[in-house]
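The next block is run.cif, given as mmCIF, C-alpha atoms.
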data_query
loop_
_atom_site.label_atom_id
_atom_site.label_comp_id
_atom_site.auth_asym_id
_atom_site.auth_seq_id
_atom_site.Cartn_x
_atom_site.Cartn_y
_atom_site.Cartn_z
CA THR A 1034 0.00 0.00 0.00
CA TYR A 1035 3.07 2.35 0.12
CA ASP A 1036 3.09 3.53 -3.45
CA VAL A 1037 4.50 6.98 -2.83
CA LYS A 1038 8.00 7.16 -4.22
CA GLN A 1039 9.42 8.75 -1.10
CA LYS A 1040 7.88 6.05 1.13
CA ASN A 1041 9.14 3.23 -1.06
CA TYR A 1042 12.60 4.84 -0.81
CA THR A 1043 12.33 4.80 2.96
CA GLN A 1044 11.24 1.21 3.11
CA THR A 1045 14.12 0.17 0.90
CA ILE A 1046 16.58 1.73 3.29
CA LEU A 1047 14.98 -0.04 6.24
CA LEU A 1048 15.11 -3.36 4.45
CA TYR A 1049 18.74 -2.80 3.54
CA TYR A 1050 19.37 -2.05 7.18
CA PHE A 1051 17.95 -5.41 8.22
CA PHE A 1052 19.90 -7.29 5.56
CA ASP A 1053 23.09 -5.56 6.69
CA GLN A 1054 22.41 -6.69 10.23
CA GLY A 1055 21.95 -10.30 9.10
CA VAL A 1056 18.23 -10.47 9.91
CA SER A 1057 16.13 -12.61 7.61
CA ILE A 1058 12.98 -11.12 6.23
CA MET A 1059 11.28 -14.47 6.63
CA LYS A 1060 11.78 -14.35 10.37
CA LEU A 1061 9.87 -11.09 10.67
CA THR A 1062 6.26 -11.54 11.38
CA HIS A 1063 3.63 -9.73 9.45
CA LEU A 1064 2.80 -7.54 12.43
CA ALA A 1065 6.44 -6.69 13.08
CA LEU A 1066 6.98 -5.70 9.46
CA LEU A 1067 3.91 -3.44 9.56
CA GLY A 1068 5.21 -1.93 12.78
CA PHE A 1069 8.56 -1.04 11.24
CA LEU A 1070 6.89 0.30 8.13
CA SER A 1071 4.54 2.46 10.20
CA LEU A 1072 7.56 3.66 12.19
CA SER A 1073 9.24 4.72 8.92
CA ASN A 1074 6.42 7.24 8.37
CA ALA A 1075 8.05 9.42 11.05
CA PHE A 1076 11.18 9.87 8.87
CA THR A 1077 11.37 12.00 5.74
CA LEU A 1078 14.35 11.59 3.43
CA THR A 1079 14.80 13.79 0.42
CA ASN A 1080 17.34 13.97 -2.35
CA THR A 1081 17.75 17.79 -2.12
CA PRO A 1082 18.80 19.94 0.87
CA GLN A 1083 16.13 22.00 2.64
CA ARG A 1084 16.26 25.77 2.03
CA SER A 1085 16.08 28.23 4.89
CA THR A 1086 12.97 30.35 5.12
CA LYS A 1087 13.07 34.12 5.18
CA LEU A 1088 12.40 34.12 8.87
CA ASP A 1089 15.33 31.79 9.51
CA ALA A 1090 17.65 34.12 7.51
CA VAL A 1091 16.60 37.16 9.52
CA GLY A 1092 16.88 35.44 12.86
CA ALA A 1093 20.22 33.74 12.20
CA PRO A 1094 23.28 35.41 13.85
CA THR A 1095 25.64 37.21 11.47
CA LYS A 1096 29.43 37.26 11.40
CA PHE A 1097 29.34 40.70 13.01
CA ASP A 1098 27.20 39.33 15.87
CA HIS A 1099 29.76 36.61 16.41
CA LYS A 1100 32.67 39.09 16.48
CA LYS A 1101 30.70 41.39 18.77
CA LYS A 1102 30.11 38.54 21.19
CA LEU A 1103 33.83 37.77 21.32
CA TYR A 1104 34.91 41.46 21.75
CA LYS A 1105 36.28 42.14 25.24
CA GLY A 1106 37.48 45.75 24.78
CA HIS A 1107 35.98 49.10 25.79
CA THR A 1108 32.39 49.69 24.80
CA ALA A 1109 31.06 53.24 24.43
CA GLU A 1110 28.12 54.12 26.56
CA PHE A 1111 25.24 55.89 24.85
CA THR A 1112 22.97 58.25 26.71
CA ASP A 1113 19.76 59.98 25.87
CA GLU A 1114 21.13 63.44 26.63
CA SER A 1115 20.20 65.94 23.93
CA LEU A 1116 22.92 67.74 21.93
CA ASP A 1117 23.06 71.47 21.25
CA PHE A 1118 22.86 70.95 17.47
CA SER A 1119 20.73 68.92 15.12
CA TYR A 1120 21.47 66.87 12.04
CA ASP A 1121 20.37 69.82 9.92
CA ASP A 1122 22.88 72.07 11.69
CA PHE A 1123 25.61 69.52 11.08
CA ALA A 1124 24.69 69.20 7.38
CA GLN A 1125 24.76 72.97 6.99
CA ALA A 1126 28.18 73.23 8.67
CA VAL A 1127 29.58 70.60 6.31
CA SER A 1128 28.10 72.34 3.27
CA GLU A 1129 29.73 75.62 4.28
CA GLN A 1130 33.17 74.03 4.20
CA GLN A 1131 34.98 74.24 0.87
CA TYR A 1132 37.14 71.34 -0.17
CA GLU A 1133 38.86 72.31 -3.41
CA PHE A 1134 41.86 70.32 -4.49
CA GLY A 1135 42.35 71.68 -8.01
CA ARG A 1136 45.55 73.14 -9.39
CA ASN A 1137 46.51 76.57 -7.89
CA ALA A 1138 44.10 76.09 -4.97
CA LYS A 1139 45.42 77.12 -1.55
CA VAL A 1140 44.82 74.66 1.29
CA LYS A 1141 45.84 74.14 4.91
CA GLY A 1142 47.91 71.10 5.71
CA VAL A 1143 50.29 69.42 8.15
CA CYS A 1144 53.66 67.86 7.29
CA LEU A 1145 53.61 64.28 8.57
CA GLU A 1146 57.00 62.82 7.69
CA TYR A 1147 60.10 63.38 5.58
CA ASP A 1148 60.33 61.11 2.55
CA LYS A 1149 62.84 60.85 -0.30
CA GLY A 1150 64.09 64.43 -0.16
CA GLY A 1151 60.58 65.80 0.32
CA CYS A 1152 57.73 65.68 2.78
CA ILE A 1153 54.39 63.86 3.07
CA VAL A 1154 51.61 66.37 3.75
CA ASP A 1155 48.06 65.78 4.97
CA ILE A 1156 45.75 68.32 3.29
CA GLY A 1157 42.48 66.48 3.90
CA ALA A 1158 42.35 64.88 0.44
CA LYS A 1159 41.74 61.19 -0.17
CA SER A 1160 45.51 60.68 -0.45
CA SER A 1161 48.43 62.43 1.19
CA ALA A 1162 50.11 65.17 -0.84
CA TYR A 1163 53.86 65.46 -1.52
CA LEU A 1164 56.04 68.54 -0.97
CA PRO A 1165 59.27 68.46 -3.04
CA GLU A 1166 62.32 70.02 -1.40
CA LYS A 1167 62.67 72.70 -4.12
CA GLU A 1168 59.12 73.85 -3.31
CA ALA A 1169 59.68 73.97 0.45
CA ALA A 1170 60.82 77.63 0.67
CA LEU A 1171 61.45 80.67 -1.49
CA ILE A 1172 64.82 81.35 0.13
CA GLN A 1173 67.00 78.25 0.52
CA GLY A 1174 70.46 78.78 1.91
CA VAL A 1175 73.53 76.83 0.96
CA GLY A 1176 73.43 73.36 2.54
CA SER A 1177 69.77 73.58 3.51
CA SER A 1178 67.61 70.44 3.49
CA ILE A 1179 63.94 69.56 3.78
CA GLU A 1180 64.44 68.95 7.52
CA THR A 1181 65.69 72.52 8.06
CA LEU A 1182 63.12 74.15 5.80
CA VAL A 1183 59.86 72.71 7.18
CA SER A 1184 58.77 71.40 10.57
CA LEU A 1185 56.61 68.36 11.19
CA ASN A 1186 53.16 68.47 12.82
CA GLU A 1187 52.80 72.20 12.19
CA GLU A 1188 49.87 73.56 10.19
CA MET A 1189 50.91 75.61 7.16
CA GLU A 1190 49.41 76.91 3.96
CA PHE A 1191 50.18 75.14 0.69
CA GLU A 1192 49.39 75.70 -2.97
CA ILE A 1193 48.48 72.74 -5.17
CA ILE A 1194 50.74 72.73 -8.24
CA SER A 1195 49.69 69.54 -10.06
CA GLU A 1196 46.79 67.29 -10.92
CA GLU A 1197 46.35 63.92 -9.21
CA ASP A 1198 48.68 61.18 -10.38
CA ARG A 1199 47.57 57.56 -10.88
CA ASN A 1200 47.75 57.03 -7.12
CA GLY A 1201 45.59 60.07 -6.40
CA GLN A 1202 48.54 62.05 -4.98
CA LEU A 1203 48.96 65.83 -5.43
CA LEU A 1204 52.10 68.00 -5.44
CA VAL A 1205 52.03 71.05 -3.19
CA SER A 1206 54.28 74.09 -2.71
CA ILE A 1207 55.16 76.56 0.03
CA ARG A 1208 57.54 78.49 -2.23
CA ARG A 1209 54.73 79.72 -4.46
CA ILE A 1210 52.80 81.03 -1.47
CA GLN A 1211 55.87 82.96 -0.34
CA TYR A 1212 56.56 84.13 -3.90
CA GLY A 1213 53.13 85.75 -4.17
CA LYS A 1214 53.48 87.43 -0.77
CA ALA A 1215 56.95 88.72 -1.70
CA TRP A 1216 55.55 90.50 -4.76
CA GLU A 1217 52.78 92.01 -2.64
CA ASN A 1218 55.42 93.40 -0.25
CA VAL A 1219 57.57 94.73 -3.08
CA VAL A 1220 54.67 96.54 -4.72
CA ALA A 1221 53.72 98.10 -1.38
CA MET A 1222 57.33 99.24 -0.81
CA GLN A 1223 57.44 100.87 -4.24
CA GLU A 1224 54.15 102.69 -3.69
CA THR A 1225 55.50 104.27 -0.51
CA ASP A 1226 58.91 104.93 -2.13
CA GLN A 1227 60.56 103.11 0.75
CA THR A 1228 64.32 102.83 1.26
CA PHE A 1229 65.44 99.34 2.26
CA GLU A 1230 68.56 97.22 2.61
CA ALA A 1231 69.32 94.08 0.63
CA PRO A 1232 72.38 91.83 0.25
CA VAL A 1233 74.31 91.40 -2.98
CA ILE A 1234 74.27 87.73 -4.01
CA ALA A 1235 76.00 87.91 -7.42
CA VAL A 1236 77.72 90.27 -9.86
CA ASN A 1237 77.86 90.41 -13.64
CA ARG A 1238 79.08 92.74 -16.39
CA GLY A 1239 76.10 95.04 -16.10
CA GLY A 1240 76.03 95.38 -12.34
CA ALA A 1241 74.95 93.28 -9.35
CA ILE A 1242 72.09 91.01 -8.27
CA CYS A 1243 70.42 91.72 -4.92
CA LEU A 1244 67.95 89.63 -2.96
CA VAL A 1245 64.85 91.65 -2.09
CA GLU A 1246 62.11 89.83 -0.13
CA GLY A 1247 63.43 86.60 -1.61
CA LEU A 1248 63.24 87.97 -5.18
CA ARG A 1249 66.21 88.67 -7.45
CA ALA A 1250 66.60 92.37 -8.26
CA PHE A 1251 69.04 93.91 -10.75
CA LEU A 1252 71.27 96.74 -9.59
CA PRO A 1253 72.84 98.49 -12.63
CA GLY A 1254 76.49 99.39 -12.29
CA SER A 1255 75.65 103.02 -13.03
CA HIS A 1256 73.47 103.08 -9.91
CA LEU A 1257 76.22 101.85 -7.59
CA SER A 1258 77.43 104.76 -5.50
CA GLY A 1259 81.21 104.95 -5.18
CA MET A 1260 81.65 101.21 -5.81
CA ILE A 1261 82.37 98.84 -8.67
CA ALA A 1262 80.52 95.58 -9.22
CA THR A 1263 83.24 93.06 -8.27
CA GLU A 1264 83.25 89.77 -6.38
CA ASP A 1265 84.20 91.67 -3.23
CA LEU A 1266 80.72 93.19 -3.22
CA ILE A 1267 78.99 89.81 -2.71
CA GLY A 1268 77.48 89.56 0.76
CA THR A 1269 77.43 93.34 1.30
CA LYS A 1270 74.14 94.92 2.33
CA LEU A 1271 73.32 98.09 0.44
CA PRO A 1272 70.64 100.75 0.91
CA LEU A 1273 68.37 100.62 -2.12
CA LYS A 1274 65.29 102.12 -3.73
CA PHE A 1275 63.19 100.76 -6.55
CA LEU A 1276 63.58 102.02 -10.09
CA GLU A 1277 61.19 99.54 -11.73
CA VAL A 1278 58.75 96.93 -10.45
CA SER A 1279 56.90 94.68 -12.92
CA GLU A 1280 55.29 91.57 -11.48
CA GLU A 1281 53.87 90.66 -14.88
CA ASN A 1282 57.35 90.48 -16.41
CA GLY A 1283 59.04 89.35 -13.21
CA LYS A 1284 61.34 92.38 -13.35
CA LEU A 1285 62.88 94.26 -10.44
CA VAL A 1286 65.41 97.09 -10.88
CA VAL A 1287 66.90 98.89 -7.89
CA SER A 1288 69.29 101.79 -7.28
CA ASN A 1289 71.87 102.31 -4.58
CA ARG A 1290 72.71 105.84 -5.70
CA LYS A 1291 69.09 106.99 -5.51
CA ALA A 1292 68.78 105.71 -1.94
CA LEU A 1293 71.98 107.46 -0.82
CA VAL A 1294 71.13 110.70 -2.59
CA GLU A 1295 67.77 110.98 -0.85
CA GLN A 1296 69.32 110.20 2.51
CA GLN A 1297 72.09 112.77 2.10
CA MET A 1298 70.02 115.41 0.36
CA ALA A 1299 67.87 115.63 3.46
CA ASP A 1300 70.96 116.76 5.42
CA LEU A 1301 72.44 119.09 2.78
CA SER A 1302 71.75 122.76 2.37
CA ARG A 1303 73.18 125.66 0.40
CA GLY A 1304 76.53 126.89 1.69
CA ASP A 1305 77.69 123.51 3.03
CA ILE A 1306 81.34 122.60 2.40
CA VAL A 1307 81.76 119.05 1.12
CA GLN A 1308 84.58 116.79 -0.06
CA GLY A 1309 84.25 115.14 -3.44
CA MET A 1310 86.09 113.27 -6.17
CA ILE A 1311 86.40 114.25 -9.83
CA LYS A 1312 84.58 111.60 -11.86
CA ALA A 1313 84.52 113.06 -15.37
CA LEU A 1314 85.58 116.16 -17.30
CA LYS A 1315 83.48 117.98 -19.89
CA PRO A 1316 84.11 121.17 -21.88
CA TYR A 1317 81.65 123.01 -19.65
CA GLY A 1318 82.89 121.69 -16.28
CA ALA A 1319 83.65 118.72 -14.06
CA PHE A 1320 81.37 116.15 -12.48
CA VAL A 1321 82.15 115.60 -8.84
CA GLU A 1322 80.87 112.71 -6.75
CA VAL A 1323 79.86 113.81 -3.28
CA GLY A 1324 78.69 111.06 -0.96
CA GLY A 1325 77.23 109.05 -3.82
CA MET A 1326 75.70 112.08 -5.50
CA SER A 1327 76.87 113.57 -8.72
CA GLY A 1328 77.44 117.35 -8.56
CA LEU A 1329 78.35 119.68 -11.39
CA LEU A 1330 81.30 121.99 -10.87
CA HIS A 1331 80.80 124.43 -13.71
CA ILE A 1332 83.93 125.84 -15.35
CA SER A 1333 82.84 129.36 -14.39
CA GLN A 1334 82.84 128.29 -10.71
CA ILE A 1335 86.38 126.89 -10.68
CA SER A 1336 88.39 130.13 -10.91
CA TYR A 1337 87.93 133.84 -11.44
CA ASP A 1338 90.43 133.56 -14.28
CA ARG A 1339 89.44 132.13 -17.63
CA ILE A 1340 90.32 128.44 -18.00
CA GLU A 1341 91.26 127.38 -21.53
CA ASP A 1342 91.99 123.71 -20.81
CA LEU A 1343 90.20 122.05 -17.86
CA GLU A 1344 92.44 118.96 -18.03
CA LYS A 1345 95.37 121.14 -16.95
CA VAL A 1346 93.49 121.91 -13.73
CA PHE A 1347 91.77 118.62 -12.83
CA GLN A 1348 92.18 114.94 -13.53
CA PRO A 1349 89.63 112.18 -12.88
CA GLY A 1350 90.15 110.69 -9.42
CA MET A 1351 91.39 113.91 -7.82
CA GLN A 1352 89.91 114.99 -4.50
CA VAL A 1353 88.43 118.48 -4.37
CA LYS A 1354 86.73 120.59 -1.70
CA CYS A 1355 83.59 122.34 -2.86
CA MET A 1356 80.69 124.39 -1.58
CA ILE A 1357 77.08 123.63 -2.42
CA ILE A 1358 75.53 126.62 -4.16
CA ASP A 1359 72.30 124.93 -5.28
CA HIS A 1360 70.55 121.58 -5.06
CA ASP A 1361 67.60 119.71 -6.54
CA LYS A 1362 66.37 117.25 -3.92
CA VAL A 1363 63.78 115.74 -6.24
CA ASN A 1364 66.27 114.69 -8.91
CA GLY A 1365 69.29 114.39 -6.59
CA ARG A 1366 71.40 117.03 -8.29
CA ILE A 1367 73.71 119.59 -6.74
CA ALA A 1368 75.62 122.57 -8.10
CA LEU A 1369 79.14 123.14 -6.73
CA SER A 1370 81.69 125.89 -6.59
CA THR A 1371 85.32 126.06 -5.45
#
Would you write the structure of this file as structure tokens?
Amino acid sequence: TYDVKQKNYTQTILLYYFFDQGVSIMKLTHLALLGFLSLSNAFTLTNTPQRSTKLDAVGAPTKFDHKKKLYKGHTAEFTDESLDFSYDDFAQAVSEQQYEFGRNAKVKGVCLEYDKGGCIVDIGAKSSAYLPEKEAALIQGVGSSIETLVSLNEEMEFEIISEEDRNGQLLVSIRRIQYGKAWENVVAMQETDQTFEAPVIAVNRGGAICLVEGLRAFLPGSHLSGMIATEDLIGTKLPLKFLEVSEENGKLVVSNRKALVEQQMADLSRGDIVQGMIKALKPYGAFVEVGGMSGLLHISQISYDRIEDLEKVFQPGMQVKCMIIDHDKVNGRIALST
């Protein structure tokens, strides 16, 4: 009467069990066989595994629950105390923050560690930025290194100078920040016609190179007062004033003579006796350098007698004592007489 395929399958297993145990089917009584067969109705064997129901999947512990159960560390305690801001306030605060990491953007960052002649910088981007040593400062002395130019764990301003590479890393610069500020200072100094001091760092045929606010400025030889542009001038600090400032062309021209003239002209007045040196002779008179200023000693002011040949009276390089009879403080010119 057990025609269901599953039941037949169960009976077969039970019969195999008896054969394996050495029990003869003939020895089983009819009632015993029916008893075993009725007992087999309590078992259900299938050829395919049972699938979990949706309820079982929800109720089953996850891997996270297992890890949480094994965790023995500190557990934060949550309270119901209300905070002084809401989620909307937090969202608004985040939206007001600007996170721009494009080229030429200025960002705040912290140097984390020195690496391969540069520095790893955290600027809040998805990857750390890199500061090359040549971009660490506008003024880098002889023998300086990345360790002496920047300090670790100190917040500074950086300018992004590249796009992201394949690893998402950006290049940043401090030198460009300082370069922009240096030009701002130079322009302000020119507008106020300020006199300043700067060291000579190099000389060439045309004059000397001075370092002004970290920028290279050209000092023409004709604007050196009482000096010649030689190697001995390197390292000397000179009083200077600007002749030309052009940020667009990156051009700075300064004058030592103009700075000295203005300083000395403030102390000079008509009738003062000064000591000077003959610099050049002309048919109409001699040019005398007085404290870095060029004064004209007209031929009519040299002697009451008529002078036919000025070279018979003066030679370049001679020292002469003169009196100031007139001066032009604006242009730095003085008129002299013996």
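A straight line drawn from CA of Asp1098 (chain A) to CA of Tyr1120 (chain A) is 28.4 Å long.
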Next on the checklist: I'd like the neighbourhood of Ile1210 (chain A) as a PyMOL selection string, where a residue qualifies if any of its atoms comes within 10 Å (using all atoms listed in the file), though same-chain residues fewer than 2 positions away should be ignored.
Outcome noted: chain A and resi 1139+1168+1170-1171+1190-1192+1206-1208+1212-1215
The selected residues should be written to file as a PDB file, in the coordinates of the input (atoms: C-alpha atoms).
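The resulting out.pdb:
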ATOM      1  CA  LYS A1139      45.420  77.120  -1.550  1.00  0.00           C
ATOM      2  CA  GLU A1168      59.120  73.850  -3.310  1.00  0.00           C
ATOM      3  CA  ALA A1170      60.820  77.630   0.670  1.00  0.00           C
ATOM      4  CA  LEU A1171      61.450  80.670  -1.490  1.00  0.00           C
ATOM      5  CA  GLU A1190      49.410  76.910   3.960  1.00  0.00           C
ATOM      6  CA  PHE A1191      50.180  75.140   0.690  1.00  0.00           C
ATOM      7  CA  GLU A1192      49.390  75.700  -2.970  1.00  0.00           C
ATOM      8  CA  SER A1206      54.280  74.090  -2.710  1.00  0.00           C
ATOM      9  CA  ILE A1207      55.160  76.560   0.030  1.00  0.00           C
ATOM     10  CA  ARG A1208      57.540  78.490  -2.230  1.00  0.00           C
ATOM     11  CA  TYR A1212      56.560  84.130  -3.900  1.00  0.00           C
ATOM     12  CA  GLY A1213      53.130  85.750  -4.170  1.00  0.00           C
ATOM     13  CA  LYS A1214      53.480  87.430  -0.770  1.00  0.00           C
ATOM     14  CA  ALA A1215      56.950  88.720  -1.700  1.00  0.00           C
TER      15      ALA A1215
END
Checklist entry - Pick from A:Ala1169, A:Lys1159, A:Gly1201, A:Val1154: nearest to Glu1187 (chain A), with all atoms listed in the file counted? => result A:Val1154
Next on the checklist: With the PyMOL selection byres ((chain A and resi 1303) around 7) as the selection, what would be picked from this file? Answer as a list in words, please.
Outcome noted: Ser1302, Gly1304, Asp1305, Ile1357, Ile1358 and Asp1359 of chain A
Checklist entry - Counting all atoms listed in the file, which of A:Leu1314, A:Leu1252, A:Ala1368, A:Val1323 gets nearest to Asp1342 (chain A)? => result A:Leu1314
How close does region 1250-1365 of chain A get to region 1221-1227 of chain A? List, as a Markdown table, each residue of region 1250-1365 of chain A within 9 Å, its nearest atom pair and the distance in Å to one decimal, counting all atoms listed in the file.
| residue | atom | partner | partner_atom | distance |
| --- | --- | --- | --- | --- |
| A:Leu1273 | CA | A:Gln1227 | CA | 8.7 |
| A:Lys1274 | CA | A:Gln1227 | CA | 6.6 |
| A:Phe1275 | CA | A:Gln1223 | CA | 6.2 |
| A:Leu1276 | CA | A:Gln1223 | CA | 8.6 |
| A:Glu1277 | CA | A:Gln1223 | CA | 8.5 |
| A:Val1278 | CA | A:Gln1223 | CA | 7.5 |
Next on the checklist: As an exercise, work out the distance from CA of Asn1186 (chain A) to CA of Ile1153 (chain A) in Å and give it to one decimal place.
Outcome noted: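 Separating CA of Asn1186 (chain A) from CA of Ile1153 (chain A) is a distance of 10.9 Å.
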Checklist entry - What does the distance between CA of Val1236 (chain A) and CA of Val1287 (chain A) come to in Å, to one decimal place? => result 14.0 Å
Next on the checklist: Residues proximal to (79.9, 93.6, -15.1) were defined as those with any atom within 8 Å of that point in the file's coordinates, counting all atoms listed in the file. Which are they, as a VMD selection string?
Outcome noted: chain A and resid 1236 to 1241 1254 1262 to 1263
Can I get the selected residues back with C-alpha atoms, as a PDB file, in the frame of the given file?
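In the end it all went to result19.pdb:
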ATOM      1  CA  VAL A1236      77.720  90.270  -9.860  1.00  0.00           C
ATOM      2  CA  ASN A1237      77.860  90.410 -13.640  1.00  0.00           C
ATOM      3  CA  ARG A1238      79.080  92.740 -16.390  1.00  0.00           C
ATOM      4  CA  GLY A1239      76.100  95.040 -16.100  1.00  0.00           C
ATOM      5  CA  GLY A1240      76.030  95.380 -12.340  1.00  0.00           C
ATOM      6  CA  ALA A1241      74.950  93.280  -9.350  1.00  0.00           C
ATOM      7  CA  GLY A1254      76.490  99.390 -12.290  1.00  0.00           C
ATOM      8  CA  ALA A1262      80.520  95.580  -9.220  1.00  0.00           C
ATOM      9  CA  THR A1263      83.240  93.060  -8.270  1.00  0.00           C
TER      10      THR A1263
END
Checklist entry - Looking at A:Gln1352, A:Ser1333, A:Gln1173, A:Ser1160, which one is nearest to Leu1244 (chain A), with distances taken over all atoms listed in the file? => result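 With all atoms listed in the file as the atom set, the closest residue is A:Gln1173.
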Ground truth for the PyMOL selection byres ((chain A and resi 1180) around 9), written as an mmCIF file with C-alpha atoms, keeping the file's coordinate frame:
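Full text of part-v2.cif as output:
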data_model
loop_
_atom_site.group_PDB
_atom_site.id
_atom_site.type_symbol
_atom_site.label_atom_id
_atom_site.label_comp_id
_atom_site.auth_asym_id
_atom_site.auth_seq_id
_atom_site.Cartn_x
_atom_site.Cartn_y
_atom_site.Cartn_z
ATOM 1 C CA TYR A 1147 60.100 63.380 5.580
ATOM 2 C CA GLY A 1150 64.090 64.430 -0.160
ATOM 3 C CA GLY A 1151 60.580 65.800 0.320
ATOM 4 C CA CYS A 1152 57.730 65.680 2.780
ATOM 5 C CA SER A 1177 69.770 73.580 3.510
ATOM 6 C CA SER A 1178 67.610 70.440 3.490
ATOM 7 C CA ILE A 1179 63.940 69.560 3.780
ATOM 8 C CA THR A 1181 65.690 72.520 8.060
ATOM 9 C CA LEU A 1182 63.120 74.150 5.800
ATOM 10 C CA VAL A 1183 59.860 72.710 7.180
ATOM 11 C CA SER A 1184 58.770 71.400 10.570
ATOM 12 C CA LEU A 1185 56.610 68.360 11.190
#
Checklist entry - Which is closer to Gly1318 (chain A) than all the others in A:Glu1295, A:Glu1246, A:Glu1146, A:Glu1344, using all atoms listed in the file? => result A:Glu1344
